[in-house]
>>> print(open('start15.cif').read())   # mmCIF, N, CA and C atoms and all ligand atoms
data_query
#
loop_
_atom_site.label_atom_id
_atom_site.label_comp_id
_atom_site.auth_asym_id
_atom_site.auth_seq_id
_atom_site.Cartn_x
_atom_site.Cartn_y
_atom_site.Cartn_z
N MET A 1 -20.79 -34.52 18.25
CA MET A 1 -19.38 -34.24 17.95
C MET A 1 -18.51 -34.79 19.08
N SER A 2 -17.42 -35.48 18.72
CA SER A 2 -16.54 -36.00 19.77
C SER A 2 -15.81 -34.84 20.43
N LYS A 3 -15.30 -35.16 21.60
CA LYS A 3 -14.57 -34.12 22.33
C LYS A 3 -13.39 -33.60 21.49
N PHE A 4 -12.73 -34.57 20.80
CA PHE A 4 -11.57 -34.17 20.00
C PHE A 4 -11.96 -33.11 18.97
N PHE A 5 -13.08 -33.37 18.27
CA PHE A 5 -13.47 -32.41 17.23
C PHE A 5 -13.90 -31.07 17.82
N ARG A 6 -14.55 -31.15 18.99
CA ARG A 6 -14.95 -29.88 19.62
C ARG A 6 -13.72 -29.04 19.95
N VAL A 7 -12.70 -29.70 20.49
CA VAL A 7 -11.47 -28.99 20.85
C VAL A 7 -10.79 -28.45 19.59
N ALA A 8 -10.74 -29.30 18.56
CA ALA A 8 -10.09 -28.88 17.30
C ALA A 8 -10.84 -27.69 16.70
N ALA A 9 -12.18 -27.75 16.71
CA ALA A 9 -12.98 -26.67 16.13
C ALA A 9 -12.75 -25.37 16.91
N LEU A 10 -12.69 -25.49 18.22
CA LEU A 10 -12.46 -24.32 19.05
C LEU A 10 -11.09 -23.71 18.72
N GLY A 11 -10.10 -24.59 18.56
CA GLY A 11 -8.75 -24.13 18.22
C GLY A 11 -8.76 -23.35 16.91
N LEU A 12 -9.46 -23.89 15.92
CA LEU A 12 -9.52 -23.20 14.61
C LEU A 12 -10.21 -21.86 14.74
N ALA A 13 -11.28 -21.81 15.52
CA ALA A 13 -12.00 -20.55 15.69
C ALA A 13 -11.09 -19.51 16.34
N VAL A 14 -10.30 -19.94 17.30
CA VAL A 14 -9.39 -19.00 17.97
C VAL A 14 -8.35 -18.49 16.98
N VAL A 15 -7.78 -19.41 16.19
CA VAL A 15 -6.77 -19.01 15.20
C VAL A 15 -7.38 -18.02 14.21
N ALA A 16 -8.61 -18.31 13.74
CA ALA A 16 -9.27 -17.44 12.78
C ALA A 16 -9.50 -16.05 13.38
N SER A 17 -9.93 -15.98 14.62
CA SER A 17 -10.19 -14.66 15.19
C SER A 17 -8.89 -13.92 15.46
N LEU A 18 -7.83 -14.66 15.77
CA LEU A 18 -6.53 -13.98 15.93
C LEU A 18 -6.08 -13.38 14.61
N ALA A 19 -6.29 -14.12 13.52
CA ALA A 19 -5.89 -13.61 12.20
C ALA A 19 -6.68 -12.35 11.88
N ARG A 20 -7.98 -12.35 12.19
CA ARG A 20 -8.78 -11.15 11.94
C ARG A 20 -8.28 -9.97 12.77
N ALA A 21 -7.94 -10.26 14.03
CA ALA A 21 -7.45 -9.19 14.91
C ALA A 21 -6.15 -8.62 14.34
N ASP A 22 -5.28 -9.51 13.83
CA ASP A 22 -4.02 -9.10 13.21
C ASP A 22 -4.27 -8.18 12.02
N ASP A 23 -5.22 -8.60 11.18
CA ASP A 23 -5.58 -7.83 10.00
C ASP A 23 -6.05 -6.43 10.38
N ALA A 24 -6.93 -6.38 11.37
CA ALA A 24 -7.47 -5.09 11.81
C ALA A 24 -6.35 -4.23 12.37
N ALA A 25 -5.44 -4.84 13.12
CA ALA A 25 -4.33 -4.08 13.71
C ALA A 25 -3.43 -3.54 12.60
N ASP A 26 -3.16 -4.39 11.58
CA ASP A 26 -2.32 -3.96 10.45
C ASP A 26 -2.96 -2.78 9.71
N LEU A 27 -4.28 -2.88 9.49
CA LEU A 27 -4.97 -1.81 8.76
C LEU A 27 -4.90 -0.50 9.53
N LYS A 28 -5.05 -0.61 10.83
CA LYS A 28 -5.00 0.58 11.68
C LYS A 28 -3.60 1.20 11.63
N ARG A 29 -2.60 0.32 11.73
CA ARG A 29 -1.22 0.78 11.67
C ARG A 29 -0.90 1.38 10.30
N GLY A 30 -1.41 0.70 9.25
CA GLY A 30 -1.20 1.20 7.90
C GLY A 30 -1.82 2.57 7.70
N LYS A 31 -2.99 2.77 8.29
CA LYS A 31 -3.68 4.06 8.16
C LYS A 31 -2.83 5.16 8.80
N LEU A 32 -2.29 4.86 9.98
CA LEU A 32 -1.43 5.85 10.66
C LEU A 32 -0.18 6.13 9.82
N LEU A 33 0.42 5.05 9.31
CA LEU A 33 1.65 5.23 8.52
C LEU A 33 1.38 6.00 7.24
N PHE A 34 0.16 5.84 6.70
CA PHE A 34 -0.14 6.51 5.43
C PHE A 34 -0.25 8.03 5.60
N ILE A 35 -0.35 8.50 6.84
CA ILE A 35 -0.40 9.95 7.07
C ILE A 35 0.78 10.62 6.38
N GLN A 36 1.95 9.94 6.41
CA GLN A 36 3.13 10.54 5.78
C GLN A 36 3.01 10.57 4.26
N CYS A 37 2.25 9.66 3.68
CA CYS A 37 2.04 9.67 2.23
C CYS A 37 0.93 10.66 1.87
N ARG A 38 -0.06 10.76 2.78
CA ARG A 38 -1.25 11.58 2.51
C ARG A 38 -0.90 13.05 2.28
N ALA A 39 0.24 13.47 2.80
CA ALA A 39 0.67 14.85 2.54
C ALA A 39 0.76 15.08 1.03
N CYS A 40 1.08 14.04 0.28
CA CYS A 40 1.31 14.18 -1.16
C CYS A 40 0.40 13.33 -2.04
N HIS A 41 -0.35 12.39 -1.45
CA HIS A 41 -1.17 11.47 -2.26
C HIS A 41 -2.55 11.24 -1.67
N ASP A 42 -3.55 11.09 -2.53
CA ASP A 42 -4.86 10.59 -2.13
C ASP A 42 -5.06 9.20 -2.70
N LEU A 43 -6.03 8.46 -2.13
CA LEU A 43 -6.30 7.09 -2.60
C LEU A 43 -7.69 6.95 -3.20
N GLN A 44 -8.48 8.02 -3.13
CA GLN A 44 -9.87 7.92 -3.56
C GLN A 44 -10.01 8.27 -5.05
N PRO A 45 -11.00 7.67 -5.72
CA PRO A 45 -11.20 8.01 -7.13
C PRO A 45 -11.54 9.50 -7.26
N ASP A 46 -11.12 10.11 -8.32
CA ASP A 46 -11.45 11.50 -8.63
C ASP A 46 -10.85 12.54 -7.68
N ALA A 47 -10.01 12.11 -6.74
CA ALA A 47 -9.35 13.10 -5.90
C ALA A 47 -8.30 13.80 -6.77
N ALA A 48 -8.13 15.08 -6.54
CA ALA A 48 -7.14 15.82 -7.33
C ALA A 48 -5.74 15.39 -6.93
N ALA A 49 -4.80 15.54 -7.84
CA ALA A 49 -3.41 15.27 -7.51
C ALA A 49 -2.96 16.28 -6.47
N LYS A 50 -2.06 15.87 -5.61
CA LYS A 50 -1.44 16.82 -4.68
C LYS A 50 -0.04 17.08 -5.22
N VAL A 51 0.96 17.02 -4.33
CA VAL A 51 2.34 17.11 -4.84
C VAL A 51 2.62 15.85 -5.69
N GLY A 52 2.02 14.74 -5.28
CA GLY A 52 2.17 13.48 -6.02
C GLY A 52 0.85 13.09 -6.68
N PRO A 53 0.90 12.10 -7.59
CA PRO A 53 -0.30 11.67 -8.31
C PRO A 53 -1.28 10.93 -7.40
N ASN A 54 -2.55 10.94 -7.79
CA ASN A 54 -3.56 10.15 -7.09
C ASN A 54 -3.17 8.66 -7.17
N LEU A 55 -3.33 7.94 -6.05
CA LEU A 55 -2.93 6.53 -6.02
C LEU A 55 -4.14 5.59 -6.05
N TYR A 56 -5.29 6.07 -6.51
CA TYR A 56 -6.45 5.19 -6.64
C TYR A 56 -6.11 4.02 -7.58
N GLY A 57 -6.36 2.80 -7.13
CA GLY A 57 -6.10 1.63 -7.97
C GLY A 57 -4.62 1.38 -8.23
N ILE A 58 -3.75 1.86 -7.35
CA ILE A 58 -2.31 1.79 -7.62
C ILE A 58 -1.79 0.35 -7.73
N ILE A 59 -2.37 -0.59 -6.98
CA ILE A 59 -1.82 -1.95 -7.03
C ILE A 59 -2.22 -2.61 -8.35
N GLY A 60 -1.20 -2.93 -9.13
CA GLY A 60 -1.42 -3.47 -10.47
C GLY A 60 -1.42 -2.38 -11.54
N ARG A 61 -1.20 -1.12 -11.12
CA ARG A 61 -1.25 -0.01 -12.09
C ARG A 61 0.13 0.20 -12.71
N LYS A 62 0.13 0.60 -13.96
CA LYS A 62 1.37 0.91 -14.66
C LYS A 62 1.91 2.23 -14.10
N SER A 63 3.23 2.35 -14.02
CA SER A 63 3.82 3.59 -13.51
C SER A 63 3.46 4.76 -14.43
N ALA A 64 3.42 5.94 -13.84
CA ALA A 64 3.21 7.19 -14.59
C ALA A 64 1.97 7.15 -15.49
N SER A 65 0.86 6.60 -14.97
CA SER A 65 -0.31 6.48 -15.84
C SER A 65 -1.46 7.42 -15.47
N VAL A 66 -1.24 8.36 -14.54
CA VAL A 66 -2.28 9.37 -14.30
C VAL A 66 -2.12 10.45 -15.36
N ASP A 67 -3.15 10.58 -16.19
CA ASP A 67 -3.05 11.39 -17.41
C ASP A 67 -2.49 12.79 -17.23
N ASP A 68 -3.10 13.56 -16.32
CA ASP A 68 -2.70 14.97 -16.30
C ASP A 68 -1.65 15.27 -15.23
N PHE A 69 -0.94 14.24 -14.75
CA PHE A 69 0.10 14.51 -13.76
C PHE A 69 1.45 14.70 -14.45
N ALA A 70 2.18 15.73 -14.03
CA ALA A 70 3.48 16.02 -14.65
C ALA A 70 4.58 15.19 -13.98
N TYR A 71 4.74 13.95 -14.46
CA TYR A 71 5.75 13.06 -13.90
C TYR A 71 7.15 13.53 -14.28
N SER A 72 8.13 13.10 -13.48
CA SER A 72 9.53 13.35 -13.84
C SER A 72 9.85 12.52 -15.09
N PRO A 73 10.82 12.94 -15.86
CA PRO A 73 11.21 12.14 -17.03
C PRO A 73 11.60 10.72 -16.63
N ALA A 74 12.26 10.56 -15.47
CA ALA A 74 12.71 9.23 -15.04
C ALA A 74 11.53 8.29 -14.83
N LEU A 75 10.49 8.77 -14.12
CA LEU A 75 9.34 7.88 -13.87
C LEU A 75 8.50 7.72 -15.14
N ALA A 76 8.44 8.79 -15.92
CA ALA A 76 7.63 8.74 -17.14
C ALA A 76 8.13 7.64 -18.08
N LYS A 77 9.42 7.38 -18.08
CA LYS A 77 9.91 6.34 -19.00
C LYS A 77 10.25 5.02 -18.31
N ALA A 78 9.90 4.90 -17.01
CA ALA A 78 10.30 3.70 -16.24
C ALA A 78 9.58 2.43 -16.72
N ASN A 79 8.29 2.55 -17.05
CA ASN A 79 7.55 1.41 -17.55
C ASN A 79 7.57 0.20 -16.62
N ILE A 80 7.15 0.41 -15.38
CA ILE A 80 7.03 -0.70 -14.43
C ILE A 80 5.57 -0.81 -14.00
N VAL A 81 5.23 -1.93 -13.36
CA VAL A 81 3.88 -2.10 -12.83
C VAL A 81 3.99 -2.17 -11.31
N PHE A 82 3.15 -1.41 -10.63
CA PHE A 82 3.19 -1.42 -9.18
C PHE A 82 2.39 -2.59 -8.62
N ASP A 83 2.95 -3.81 -8.80
CA ASP A 83 2.37 -4.93 -8.06
C ASP A 83 2.85 -4.79 -6.63
N LYS A 84 2.40 -5.67 -5.74
CA LYS A 84 2.72 -5.47 -4.32
C LYS A 84 4.22 -5.51 -4.05
N ALA A 85 4.94 -6.40 -4.75
CA ALA A 85 6.38 -6.53 -4.51
C ALA A 85 7.11 -5.25 -4.92
N THR A 86 6.73 -4.70 -6.08
CA THR A 86 7.37 -3.47 -6.56
C THR A 86 7.00 -2.29 -5.66
N LEU A 87 5.73 -2.24 -5.26
CA LEU A 87 5.30 -1.16 -4.37
C LEU A 87 6.08 -1.23 -3.05
N GLU A 88 6.31 -2.45 -2.58
CA GLU A 88 7.05 -2.57 -1.33
C GLU A 88 8.48 -2.03 -1.49
N ARG A 89 9.10 -2.36 -2.60
CA ARG A 89 10.47 -1.86 -2.83
C ARG A 89 10.46 -0.34 -2.98
N TRP A 90 9.42 0.17 -3.64
CA TRP A 90 9.28 1.63 -3.82
C TRP A 90 9.15 2.32 -2.47
N ILE A 91 8.32 1.74 -1.59
CA ILE A 91 8.11 2.35 -0.27
C ILE A 91 9.39 2.27 0.56
N GLU A 92 10.16 1.21 0.34
CA GLU A 92 11.40 1.06 1.09
C GLU A 92 12.41 2.12 0.65
N LYS A 93 12.52 2.31 -0.66
CA LYS A 93 13.48 3.28 -1.16
C LYS A 93 13.15 3.60 -2.62
N PRO A 94 12.37 4.66 -2.85
CA PRO A 94 11.92 4.97 -4.22
C PRO A 94 13.08 5.08 -5.21
N SER A 95 14.18 5.66 -4.77
CA SER A 95 15.29 5.87 -5.71
C SER A 95 15.97 4.57 -6.13
N ALA A 96 15.76 3.50 -5.36
CA ALA A 96 16.35 2.21 -5.75
C ALA A 96 15.53 1.56 -6.86
N VAL A 97 14.24 1.94 -6.96
CA VAL A 97 13.37 1.34 -7.98
C VAL A 97 13.48 2.15 -9.28
N VAL A 98 13.37 3.47 -9.16
CA VAL A 98 13.50 4.34 -10.33
C VAL A 98 14.47 5.48 -9.97
N PRO A 99 15.74 5.29 -10.27
CA PRO A 99 16.71 6.35 -9.97
C PRO A 99 16.30 7.64 -10.67
N GLY A 100 16.44 8.76 -9.95
CA GLY A 100 16.13 10.04 -10.56
C GLY A 100 14.67 10.43 -10.50
N ASN A 101 13.82 9.59 -9.84
CA ASN A 101 12.40 9.99 -9.75
C ASN A 101 12.26 11.17 -8.78
N ALA A 102 11.10 11.82 -8.82
CA ALA A 102 10.95 13.10 -8.12
C ALA A 102 10.18 12.97 -6.80
N MET A 103 10.00 11.76 -6.31
CA MET A 103 9.28 11.62 -5.02
C MET A 103 10.26 11.87 -3.89
N ALA A 104 10.08 13.02 -3.22
CA ALA A 104 11.01 13.40 -2.16
C ALA A 104 10.64 12.69 -0.87
N PHE A 105 11.08 11.46 -0.75
CA PHE A 105 10.69 10.63 0.39
C PHE A 105 11.80 9.62 0.65
N ALA A 106 12.31 9.59 1.88
CA ALA A 106 13.47 8.74 2.19
C ALA A 106 13.13 7.26 2.14
N GLY A 107 11.90 6.89 2.52
CA GLY A 107 11.54 5.47 2.55
C GLY A 107 11.15 5.02 3.94
N VAL A 108 10.47 3.88 4.00
CA VAL A 108 10.02 3.29 5.27
C VAL A 108 10.93 2.11 5.55
N PRO A 109 11.79 2.20 6.58
CA PRO A 109 12.81 1.17 6.77
C PRO A 109 12.28 -0.18 7.30
N ALA A 110 11.22 -0.19 8.13
CA ALA A 110 10.80 -1.44 8.78
C ALA A 110 9.87 -2.26 7.89
N ALA A 111 10.22 -3.53 7.67
CA ALA A 111 9.43 -4.41 6.80
C ALA A 111 7.99 -4.53 7.29
N GLU A 112 7.77 -4.60 8.61
CA GLU A 112 6.39 -4.76 9.08
C GLU A 112 5.59 -3.48 8.87
N ASP A 113 6.24 -2.35 8.87
CA ASP A 113 5.54 -1.10 8.55
C ASP A 113 5.14 -1.07 7.08
N ARG A 114 6.05 -1.52 6.23
CA ARG A 114 5.73 -1.55 4.79
C ARG A 114 4.57 -2.50 4.52
N ALA A 115 4.58 -3.64 5.20
CA ALA A 115 3.50 -4.63 5.00
C ALA A 115 2.16 -4.03 5.44
N ALA A 116 2.15 -3.33 6.57
CA ALA A 116 0.91 -2.73 7.07
C ALA A 116 0.43 -1.64 6.11
N LEU A 117 1.37 -0.84 5.61
CA LEU A 117 1.04 0.21 4.65
C LEU A 117 0.39 -0.37 3.39
N ILE A 118 0.98 -1.44 2.89
CA ILE A 118 0.47 -2.04 1.65
C ILE A 118 -0.93 -2.61 1.87
N LYS A 119 -1.15 -3.22 3.04
CA LYS A 119 -2.49 -3.74 3.35
C LYS A 119 -3.51 -2.59 3.32
N TYR A 120 -3.14 -1.49 3.94
CA TYR A 120 -4.06 -0.33 3.99
C TYR A 120 -4.27 0.25 2.59
N ILE A 121 -3.19 0.42 1.86
CA ILE A 121 -3.30 0.98 0.50
C ILE A 121 -4.16 0.07 -0.37
N GLU A 122 -3.95 -1.24 -0.26
CA GLU A 122 -4.70 -2.19 -1.08
C GLU A 122 -6.19 -2.04 -0.81
N LYS A 123 -6.57 -1.91 0.46
CA LYS A 123 -7.98 -1.81 0.80
C LYS A 123 -8.55 -0.46 0.36
N GLU A 124 -7.85 0.61 0.69
CA GLU A 124 -8.39 1.95 0.46
C GLU A 124 -8.39 2.38 -1.01
N SER A 125 -7.43 1.84 -1.79
CA SER A 125 -7.30 2.30 -3.17
C SER A 125 -7.97 1.34 -4.14
N ALA A 126 -8.61 0.27 -3.58
CA ALA A 126 -9.19 -0.76 -4.45
C ALA A 126 -10.24 -0.16 -5.36
N LYS A 127 -10.25 -0.62 -6.61
CA LYS A 127 -11.25 -0.16 -7.59
C LYS A 127 -12.63 -0.52 -7.12
N ARG A 128 -13.55 0.41 -7.23
CA ARG A 128 -14.93 0.11 -6.85
C ARG A 128 -15.87 0.80 -7.79
C1 LIG B 201 6.76 14.88 -0.49
C2 LIG B 201 5.70 14.31 -1.29
C3 LIG B 201 5.55 12.81 -1.32
C4 LIG B 201 5.45 11.91 -0.28
C5 LIG B 201 5.55 12.20 1.20
C6 LIG B 201 5.19 10.61 -0.87
N1 LIG B 201 5.15 10.72 -2.24
FE1 LIG B 201 4.79 9.23 -3.56
N2 LIG B 201 5.15 10.50 -5.12
C7 LIG B 201 5.42 11.85 -5.00
C8 LIG B 201 5.71 12.40 -6.31
C9 LIG B 201 6.06 13.86 -6.63
C10 LIG B 201 5.60 11.32 -7.22
C11 LIG B 201 5.88 11.36 -8.73
C12 LIG B 201 7.37 11.13 -8.87
C13 LIG B 201 7.94 11.35 -10.26
O1 LIG B 201 7.23 11.88 -11.15
O2 LIG B 201 9.12 10.99 -10.45
C14 LIG B 201 5.25 10.15 -6.44
C15 LIG B 201 5.01 8.89 -6.98
C16 LIG B 201 4.55 7.80 -6.26
C17 LIG B 201 4.18 6.53 -6.84
C18 LIG B 201 4.18 6.20 -8.33
C19 LIG B 201 2.82 6.59 -8.88
C20 LIG B 201 2.63 6.49 -10.38
O3 LIG B 201 1.55 6.88 -10.86
O4 LIG B 201 3.57 6.05 -11.10
C21 LIG B 201 3.79 5.73 -5.82
C22 LIG B 201 3.30 4.30 -5.90
C23 LIG B 201 3.93 6.50 -4.58
N3 LIG B 201 4.40 7.74 -4.90
C24 LIG B 201 3.61 6.02 -3.31
C25 LIG B 201 3.87 6.72 -2.14
C26 LIG B 201 3.65 6.17 -0.81
C27 LIG B 201 3.05 4.82 -0.51
C28 LIG B 201 4.07 7.13 0.09
C29 LIG B 201 4.12 7.03 1.59
C30 LIG B 201 4.92 5.94 2.12
C31 LIG B 201 4.51 8.28 -0.69
N4 LIG B 201 4.37 7.98 -2.03
C32 LIG B 201 4.99 9.46 -0.15
C33 LIG B 201 5.42 12.58 -3.83
C34 LIG B 201 5.38 12.05 -2.55
#
>>> encode(input="start15.cif", output="structure tokens", more="lines below")
Ligand code: HEC
Amino acid sequence: MSKFFRVAALGLAVVASLARADDAADLKRGKLLFIQCRACHDLQPDAAAKVGPNLYGIIGRKSASVDDFAYSPALAKANIVFDKATLERWIEKPSAVVPGNAMAFAGVPAAEDRAALIKYIEKESAKR
């Protein structure tokens, strides 16, 4: 291998490991941030509803689709899908996505906090 390629390969390896470190840091931050959601939500399959519905498989899930959860009329008729973009807007300000919904939560103002939260939720709530 020429010196140039060795240097280039080393550079790529460094970039890749930095990206992994970033990911791990985001997941850790997301886990801490989710403590505020955990008061009302679980992410594991078969966990009972708390004040809020179970969020297992939430990314890509239709709104108000947990069978035995008593949703507010506003969310029950909202008919949206929680893809990542919608979930991010919901976390920022739930009332801006579905006015009149019953989630008593002001929202997460910082974009990087929302991104970390979504990364954590995506991993922890993934269907398995
Ligand atoms: C004080 C309790 C509480 C907290 C804290 C809370 N939620 Fe909720 N959440 C609810 C309730 C109650 C609902 C159902 C709202 C309705 O029926 O209008 C809900 C609904 C949701 C939904 C829609 C689920 C569905 O099946 O349609 C999502 C997504 C969600 N919450 C995510 C979060 C996230 C992420 C956090 C943390 C950033 C959070 N919630 C914090 C109580 C809470």
>>> residues_near_ligand(input="start15.cif", ligand="ligand LIG 201 (chain B)", cutoff="5 Å", atoms="all atoms listed in the file", output="PyMOL selection string")
chain A and resi 36-37+40+51-53+63-66+71-72+75+101-104
>>> residues_around(input="start15.cif", residues="stretch 120-126 of chain A", least_positions_apart="4", cutoff="5 Å", atoms="only N, CA and C atoms", output="MDAnalysis selection string")
chainID A and resid 43 56:57 116
>>> atom_distance(input="start15.cif", atom1="atom CA of A:Ala24", atom2="atom N of A:Arg89")
22.1 Å
>>> residues_around(input="start15.cif", residues="A:Asp83", least_positions_apart="6", cutoff="6 Å", atoms="all atoms listed in the file", output="PyMOL selection string")
chain A and resi 59-61
>>> select_by_dssp(input="start15.cif", residues="chain A", states="helix (DSSP H, G or I)", output="NGL selection string")
:A and (3-38 or 73-76 or 84-92 or 94-97 or 111-124)
>>> atom_distance(input="start15.cif", atom1="atom CA of A:Val97", atom2="atom CA of A:Ile80")
9.3 Å
>>> closest_residue(input="start15.cif", among="A:Pro99, A:Arg128, A:Asp46, A:Leu117", to="A:Leu33", atoms="all atoms listed in the file")
A:Leu117
>>> atom_distance(input="start15.cif", atom1="atom N of A:Val98", atom2="atom N of A:Ala70")
17.3 Å
>>> closest_residue(input="start15.cif", among="A:Lys77, A:Lys119, A:Lys3, A:Lys84", to="A:Ile58", atoms="only N, CA and C atoms")
A:Lys84
>>> closest_residue(input="start15.cif", among="A:Arg29, A:Arg38, A:Val108, A:Ala96", to="A:Lys50", atoms="only N, CA and C atoms")
A:Arg38
>>> select_by_dssp(input="start15.cif", residues="chain A", states="strand (DSSP E)", output="number ranges by chain")
A: 61-62, 81-82
>>> write_last_selection(input="start15.cif", atoms="N, CA and C atoms", output="PDB file, keeping the file's coordinate frame")
ATOM      1  N   ARG A  61      -1.200  -1.120 -11.120  1.00  0.00           N
ATOM      2  CA  ARG A  61      -1.250  -0.010 -12.090  1.00  0.00           C
ATOM      3  C   ARG A  61       0.130   0.200 -12.710  1.00  0.00           C
ATOM      4  N   LYS A  62       0.130   0.600 -13.960  1.00  0.00           N
ATOM      5  CA  LYS A  62       1.370   0.910 -14.660  1.00  0.00           C
ATOM      6  C   LYS A  62       1.910   2.230 -14.100  1.00  0.00           C
ATOM      7  N   VAL A  81       5.230  -1.930 -13.360  1.00  0.00           N
ATOM      8  CA  VAL A  81       3.880  -2.100 -12.830  1.00  0.00           C
ATOM      9  C   VAL A  81       3.990  -2.170 -11.310  1.00  0.00           C
ATOM     10  N   PHE A  82       3.150  -1.410 -10.630  1.00  0.00           N
ATOM     11  CA  PHE A  82       3.190  -1.420  -9.180  1.00  0.00           C
ATOM     12  C   PHE A  82       2.390  -2.590  -8.620  1.00  0.00           C
TER      13      PHE A  82
END
>>> closest_residue(input="start15.cif", among="A:Leu55, A:Ala106, A:Ala115, A:Ala48", to="A:Leu27", atoms="only C-alpha atoms")
A:Ala115
>>> build_atoms(input="start15.cif", residues="stretch 51-57 of chain A", atoms="all heavy atoms", output="PDB file, in the frame of the given file")
ATOM      1  N   VAL A  51       0.960  17.020  -4.330  1.00  0.00           N
ATOM      2  CA  VAL A  51       2.340  17.110  -4.840  1.00  0.00           C
ATOM      3  C   VAL A  51       2.620  15.850  -5.690  1.00  0.00           C
ATOM      4  O   VAL A  51       3.356  15.897  -6.670  1.00  0.00           O
ATOM      5  CB  VAL A  51       3.347  17.211  -3.672  1.00  0.00           C
ATOM      6  CG1 VAL A  51       4.775  17.119  -4.169  1.00  0.00           C
ATOM      7  CG2 VAL A  51       3.120  18.498  -2.910  1.00  0.00           C
ATOM      8  N   GLY A  52       2.020  14.740  -5.280  1.00  0.00           N
ATOM      9  CA  GLY A  52       2.170  13.480  -6.020  1.00  0.00           C
ATOM     10  C   GLY A  52       0.850  13.090  -6.680  1.00  0.00           C
ATOM     11  O   GLY A  52      -0.199  13.648  -6.371  1.00  0.00           O
ATOM     12  N   PRO A  53       0.900  12.100  -7.590  1.00  0.00           N
ATOM     13  CA  PRO A  53      -0.300  11.670  -8.310  1.00  0.00           C
ATOM     14  C   PRO A  53      -1.280  10.930  -7.400  1.00  0.00           C
ATOM     15  O   PRO A  53      -0.881  10.373  -6.385  1.00  0.00           O
ATOM     16  CB  PRO A  53       0.265  10.712  -9.373  1.00  0.00           C
ATOM     17  CG  PRO A  53       1.547  10.211  -8.782  1.00  0.00           C
ATOM     18  CD  PRO A  53       2.099  11.348  -7.990  1.00  0.00           C
ATOM     19  N   ASN A  54      -2.550  10.940  -7.790  1.00  0.00           N
ATOM     20  CA  ASN A  54      -3.560  10.150  -7.090  1.00  0.00           C
ATOM     21  C   ASN A  54      -3.170   8.660  -7.170  1.00  0.00           C
ATOM     22  O   ASN A  54      -2.737   8.182  -8.216  1.00  0.00           O
ATOM     23  CB  ASN A  54      -4.913  10.386  -7.783  1.00  0.00           C
ATOM     24  CG  ASN A  54      -6.066   9.728  -7.041  1.00  0.00           C
ATOM     25  OD1 ASN A  54      -5.892   8.704  -6.382  1.00  0.00           O
ATOM     26  ND2 ASN A  54      -7.237  10.314  -7.147  1.00  0.00           N
ATOM     27  N   LEU A  55      -3.330   7.940  -6.050  1.00  0.00           N
ATOM     28  CA  LEU A  55      -2.930   6.530  -6.020  1.00  0.00           C
ATOM     29  C   LEU A  55      -4.140   5.590  -6.050  1.00  0.00           C
ATOM     30  O   LEU A  55      -4.024   4.417  -5.682  1.00  0.00           O
ATOM     31  CB  LEU A  55      -2.077   6.249  -4.771  1.00  0.00           C
ATOM     32  CG  LEU A  55      -0.733   6.987  -4.700  1.00  0.00           C
ATOM     33  CD1 LEU A  55       0.012   6.584  -3.427  1.00  0.00           C
ATOM     34  CD2 LEU A  55       0.135   6.719  -5.925  1.00  0.00           C
ATOM     35  N   TYR A  56      -5.290   6.070  -6.510  1.00  0.00           N
ATOM     36  CA  TYR A  56      -6.450   5.190  -6.640  1.00  0.00           C
ATOM     37  C   TYR A  56      -6.110   4.020  -7.580  1.00  0.00           C
ATOM     38  O   TYR A  56      -5.592   4.247  -8.672  1.00  0.00           O
ATOM     39  CB  TYR A  56      -7.638   5.981  -7.189  1.00  0.00           C
ATOM     40  CG  TYR A  56      -8.855   5.147  -7.490  1.00  0.00           C
ATOM     41  CD1 TYR A  56      -9.497   4.436  -6.486  1.00  0.00           C
ATOM     42  CD2 TYR A  56      -9.350   5.077  -8.782  1.00  0.00           C
ATOM     43  CE1 TYR A  56     -10.616   3.666  -6.762  1.00  0.00           C
ATOM     44  CE2 TYR A  56     -10.480   4.315  -9.070  1.00  0.00           C
ATOM     45  CZ  TYR A  56     -11.104   3.610  -8.049  1.00  0.00           C
ATOM     46  OH  TYR A  56     -12.204   2.852  -8.330  1.00  0.00           O
ATOM     47  N   GLY A  57      -6.360   2.800  -7.130  1.00  0.00           N
ATOM     48  CA  GLY A  57      -6.100   1.630  -7.970  1.00  0.00           C
ATOM     49  C   GLY A  57      -4.620   1.380  -8.230  1.00  0.00           C
ATOM     50  O   GLY A  57      -4.265   0.736  -9.225  1.00  0.00           O
TER      51      GLY A  57
END
